[in-house]
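Here the structure comes first, spelled out in structure tokens, and everything after it is commentary.
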Amino acid sequence: MRRFIIFALAGPPLGVLVSIFIVIPLVALLDGTAFEPSSAQVETFLALVPFSYIVGIIPAVLTGLADWAVRDVRTPLRILCVTAAGYVFGFLPFWWPLTGSAKKSDWAYGLVGAFAGATCSWLTAISDKQKRS
């Protein structure tokens, strides 16, 4: 149960953090569009945190389910598997609106779930280790 709480509470805000500060600049760089970092990114991040739970709760819980499925695997490999699952589940909310675009930067949107999944899996591994001790 603790695993799903970690993924549900920490996953969506981590996804927004990665989206605002890493994915959006990366997409701008790959597409050749102008992007200027500013303090508005922090304001945008804070404004999108509540919305992140609406969009990201299902991918976060699905990634938590993937973490639960590989719970008996060694920690480094487990985190790698969950990162891959997080990439897939994190890309799904972006995939439907992007189905007609086919830009070379579309793959970057999966990083939202990959980073959040890896971080939550790592936190879950620490929690499991403390629970066993």
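Simple scheme: letters A, B, ... for chains in structure tokens order, numbers from 1 for residues in each chain, numbers from 1 for ligands in the order shown.
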(Q) At a cut-off of 8 Å, using only C-alpha atoms, what residues contact region 58-71 of chain A? Leave out same-chain residues fewer than 4 positions from it and give the result as a count of residues only. (A) 18
DSSP on the backbone, then: every residue of chain A marked helix (DSSP H, G or I), written as a PDB file with C-alpha atoms, in the first residue's frame.
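Generated output (states37.pdb):
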```
ATOM      1  CA  ARG A   2       2.885   2.342   0.805  1.00  0.00           C
ATOM      2  CA  ARG A   3       4.189   1.868  -2.740  1.00  0.00           C
ATOM      3  CA  PHE A   4       1.007   3.198  -4.346  1.00  0.00           C
ATOM      4  CA  ILE A   5       0.863   6.132  -1.944  1.00  0.00           C
ATOM      5  CA  ILE A   6       4.426   7.103  -2.891  1.00  0.00           C
ATOM      6  CA  PHE A   7       3.655   6.872  -6.601  1.00  0.00           C
ATOM      7  CA  ALA A   8       0.293   8.644  -6.321  1.00  0.00           C
ATOM      8  CA  LEU A   9       1.537  11.521  -4.161  1.00  0.00           C
ATOM      9  CA  ALA A  10       5.044  12.097  -5.532  1.00  0.00           C
ATOM     10  CA  GLY A  11       4.688  11.015  -9.173  1.00  0.00           C
ATOM     11  CA  PRO A  12       2.464  13.761 -10.618  1.00  0.00           C
ATOM     12  CA  PRO A  13       4.388  16.730  -9.134  1.00  0.00           C
ATOM     13  CA  LEU A  14       7.682  15.151 -10.201  1.00  0.00           C
ATOM     14  CA  GLY A  15       6.252  14.790 -13.693  1.00  0.00           C
ATOM     15  CA  VAL A  16       5.326  18.472 -13.806  1.00  0.00           C
ATOM     16  CA  LEU A  17       8.763  19.407 -12.507  1.00  0.00           C
ATOM     17  CA  VAL A  18      10.447  17.446 -15.292  1.00  0.00           C
ATOM     18  CA  SER A  19       7.968  18.717 -17.862  1.00  0.00           C
ATOM     19  CA  ILE A  20       8.499  22.407 -17.065  1.00  0.00           C
ATOM     20  CA  PHE A  21      12.247  22.409 -16.464  1.00  0.00           C
ATOM     21  CA  ILE A  22      13.538  19.631 -18.758  1.00  0.00           C
ATOM     22  CA  VAL A  23      11.037  18.439 -21.380  1.00  0.00           C
ATOM     23  CA  ILE A  24       9.717  21.796 -22.607  1.00  0.00           C
ATOM     24  CA  PRO A  25      13.229  23.237 -23.110  1.00  0.00           C
ATOM     25  CA  LEU A  26      14.347  19.955 -24.731  1.00  0.00           C
ATOM     26  CA  VAL A  27      11.389  19.962 -27.133  1.00  0.00           C
ATOM     27  CA  ALA A  28      12.103  23.592 -28.030  1.00  0.00           C
ATOM     28  CA  LEU A  29      15.736  22.700 -28.675  1.00  0.00           C
ATOM     29  CA  LEU A  30      14.864  19.664 -30.829  1.00  0.00           C
ATOM     30  CA  ASP A  31      12.228  21.547 -32.816  1.00  0.00           C
ATOM     31  CA  ALA A  40       7.604  32.309 -15.060  1.00  0.00           C
ATOM     32  CA  GLN A  41       8.596  28.637 -15.194  1.00  0.00           C
ATOM     33  CA  VAL A  42       8.496  28.471 -11.395  1.00  0.00           C
ATOM     34  CA  GLU A  43       5.082  30.152 -11.331  1.00  0.00           C
ATOM     35  CA  THR A  44       3.852  27.766 -14.015  1.00  0.00           C
ATOM     36  CA  PHE A  45       5.169  24.799 -12.048  1.00  0.00           C
ATOM     37  CA  LEU A  46       3.353  25.922  -8.898  1.00  0.00           C
ATOM     38  CA  ALA A  47       0.129  26.539 -10.825  1.00  0.00           C
ATOM     39  CA  LEU A  48       0.238  23.132 -12.524  1.00  0.00           C
ATOM     40  CA  VAL A  49       0.877  20.993  -9.447  1.00  0.00           C
ATOM     41  CA  PRO A  50      -2.858  20.611  -8.600  1.00  0.00           C
ATOM     42  CA  PHE A  51      -3.668  19.929 -12.263  1.00  0.00           C
ATOM     43  CA  SER A  52      -0.917  17.311 -12.379  1.00  0.00           C
ATOM     44  CA  TYR A  53      -2.945  15.052 -10.112  1.00  0.00           C
ATOM     45  CA  ILE A  54      -5.856  15.115 -12.552  1.00  0.00           C
ATOM     46  CA  VAL A  55      -3.707  14.207 -15.545  1.00  0.00           C
ATOM     47  CA  GLY A  56      -1.005  12.162 -13.845  1.00  0.00           C
ATOM     48  CA  ILE A  57      -2.695  10.049 -11.182  1.00  0.00           C
ATOM     49  CA  ILE A  58      -3.582   7.161 -13.523  1.00  0.00           C
ATOM     50  CA  PRO A  59      -0.116   6.931 -15.162  1.00  0.00           C
ATOM     51  CA  ALA A  60       1.474   7.222 -11.697  1.00  0.00           C
ATOM     52  CA  VAL A  61      -0.610   4.391 -10.259  1.00  0.00           C
ATOM     53  CA  LEU A  62       0.024   2.236 -13.353  1.00  0.00           C
ATOM     54  CA  THR A  63       3.747   2.832 -12.912  1.00  0.00           C
ATOM     55  CA  GLY A  64       3.345   1.908  -9.233  1.00  0.00           C
ATOM     56  CA  LEU A  65       1.660  -1.288 -10.362  1.00  0.00           C
ATOM     57  CA  ALA A  66       4.670  -2.028 -12.588  1.00  0.00           C
ATOM     58  CA  ASP A  67       6.924  -1.427  -9.576  1.00  0.00           C
ATOM     59  CA  TRP A  68       4.817  -3.827  -7.540  1.00  0.00           C
ATOM     60  CA  ALA A  69       5.091  -6.444 -10.311  1.00  0.00           C
ATOM     61  CA  THR A  75      16.932  -2.732  -6.904  1.00  0.00           C
ATOM     62  CA  PRO A  76      18.984  -1.391  -9.857  1.00  0.00           C
ATOM     63  CA  LEU A  77      17.203  -3.626 -12.364  1.00  0.00           C
ATOM     64  CA  ARG A  78      13.848  -2.893 -10.733  1.00  0.00           C
ATOM     65  CA  ILE A  79      14.383   0.848 -11.080  1.00  0.00           C
ATOM     66  CA  LEU A  80      15.373   0.367 -14.723  1.00  0.00           C
ATOM     67  CA  CYS A  81      12.214  -1.658 -15.436  1.00  0.00           C
ATOM     68  CA  VAL A  82      10.011   0.881 -13.687  1.00  0.00           C
ATOM     69  CA  THR A  83      11.726   3.717 -15.569  1.00  0.00           C
ATOM     70  CA  ALA A  84      10.787   2.024 -18.858  1.00  0.00           C
ATOM     71  CA  ALA A  85       7.210   1.503 -17.663  1.00  0.00           C
ATOM     72  CA  GLY A  86       7.076   5.106 -16.472  1.00  0.00           C
ATOM     73  CA  TYR A  87       8.242   6.266 -19.886  1.00  0.00           C
ATOM     74  CA  VAL A  88       5.403   4.374 -21.578  1.00  0.00           C
ATOM     75  CA  PHE A  89       2.718   5.383 -19.074  1.00  0.00           C
ATOM     76  CA  GLY A  90       4.006   8.950 -18.896  1.00  0.00           C
ATOM     77  CA  PHE A  91       3.851   9.288 -22.664  1.00  0.00           C
ATOM     78  CA  LEU A  92       0.234   8.097 -22.890  1.00  0.00           C
ATOM     79  CA  PRO A  93      -1.439  11.399 -21.817  1.00  0.00           C
ATOM     80  CA  PHE A  94       0.628  13.194 -24.468  1.00  0.00           C
ATOM     81  CA  TRP A  95       0.254  10.539 -27.191  1.00  0.00           C
ATOM     82  CA  TRP A  96      -3.394  11.126 -28.060  1.00  0.00           C
ATOM     83  CA  PRO A  97      -3.065  14.876 -28.780  1.00  0.00           C
ATOM     84  CA  LEU A  98       0.187  14.284 -30.678  1.00  0.00           C
ATOM     85  CA  ASP A 106       7.637  13.663 -29.583  1.00  0.00           C
ATOM     86  CA  TRP A 107       9.715  10.996 -27.814  1.00  0.00           C
ATOM     87  CA  ALA A 108      10.789  13.556 -25.181  1.00  0.00           C
ATOM     88  CA  TYR A 109       7.352  13.617 -23.544  1.00  0.00           C
ATOM     89  CA  GLY A 110       7.933  10.132 -22.155  1.00  0.00           C
ATOM     90  CA  LEU A 111      10.731  11.522 -19.984  1.00  0.00           C
ATOM     91  CA  VAL A 112       8.022  12.979 -17.747  1.00  0.00           C
ATOM     92  CA  GLY A 113       6.973   9.523 -16.572  1.00  0.00           C
ATOM     93  CA  ALA A 114      10.427   7.986 -16.783  1.00  0.00           C
ATOM     94  CA  PHE A 115      11.975  10.387 -14.291  1.00  0.00           C
ATOM     95  CA  ALA A 116       8.981  10.291 -11.957  1.00  0.00           C
ATOM     96  CA  GLY A 117       8.837   6.483 -12.137  1.00  0.00           C
ATOM     97  CA  ALA A 118      12.559   6.071 -11.443  1.00  0.00           C
ATOM     98  CA  THR A 119      12.446   8.470  -8.504  1.00  0.00           C
ATOM     99  CA  CYS A 120       9.344   6.897  -6.970  1.00  0.00           C
ATOM    100  CA  SER A 121      10.764   3.399  -7.463  1.00  0.00           C
ATOM    101  CA  TRP A 122      13.960   4.473  -5.721  1.00  0.00           C
ATOM    102  CA  LEU A 123      11.917   5.937  -2.831  1.00  0.00           C
ATOM    103  CA  THR A 124       9.927   2.712  -2.640  1.00  0.00           C
ATOM    104  CA  ALA A 125      13.151   0.658  -2.568  1.00  0.00           C
ATOM    105  CA  ILE A 126      14.400   2.761   0.350  1.00  0.00           C
ATOM    106  CA  SER A 127      11.055   2.336   2.104  1.00  0.00           C
ATOM    107  CA  ASP A 128      11.118  -1.446   1.569  1.00  0.00           C
ATOM    108  CA  LYS A 129      14.685  -1.658   2.881  1.00  0.00           C
ATOM    109  CA  GLN A 130      13.769   0.263   6.033  1.00  0.00           C
ATOM    110  CA  LYS A 131      10.692  -1.910   6.510  1.00  0.00           C
ATOM    111  CA  ARG A 132      12.788  -5.096   6.364  1.00  0.00           C
TER     112      ARG A 132
END
```
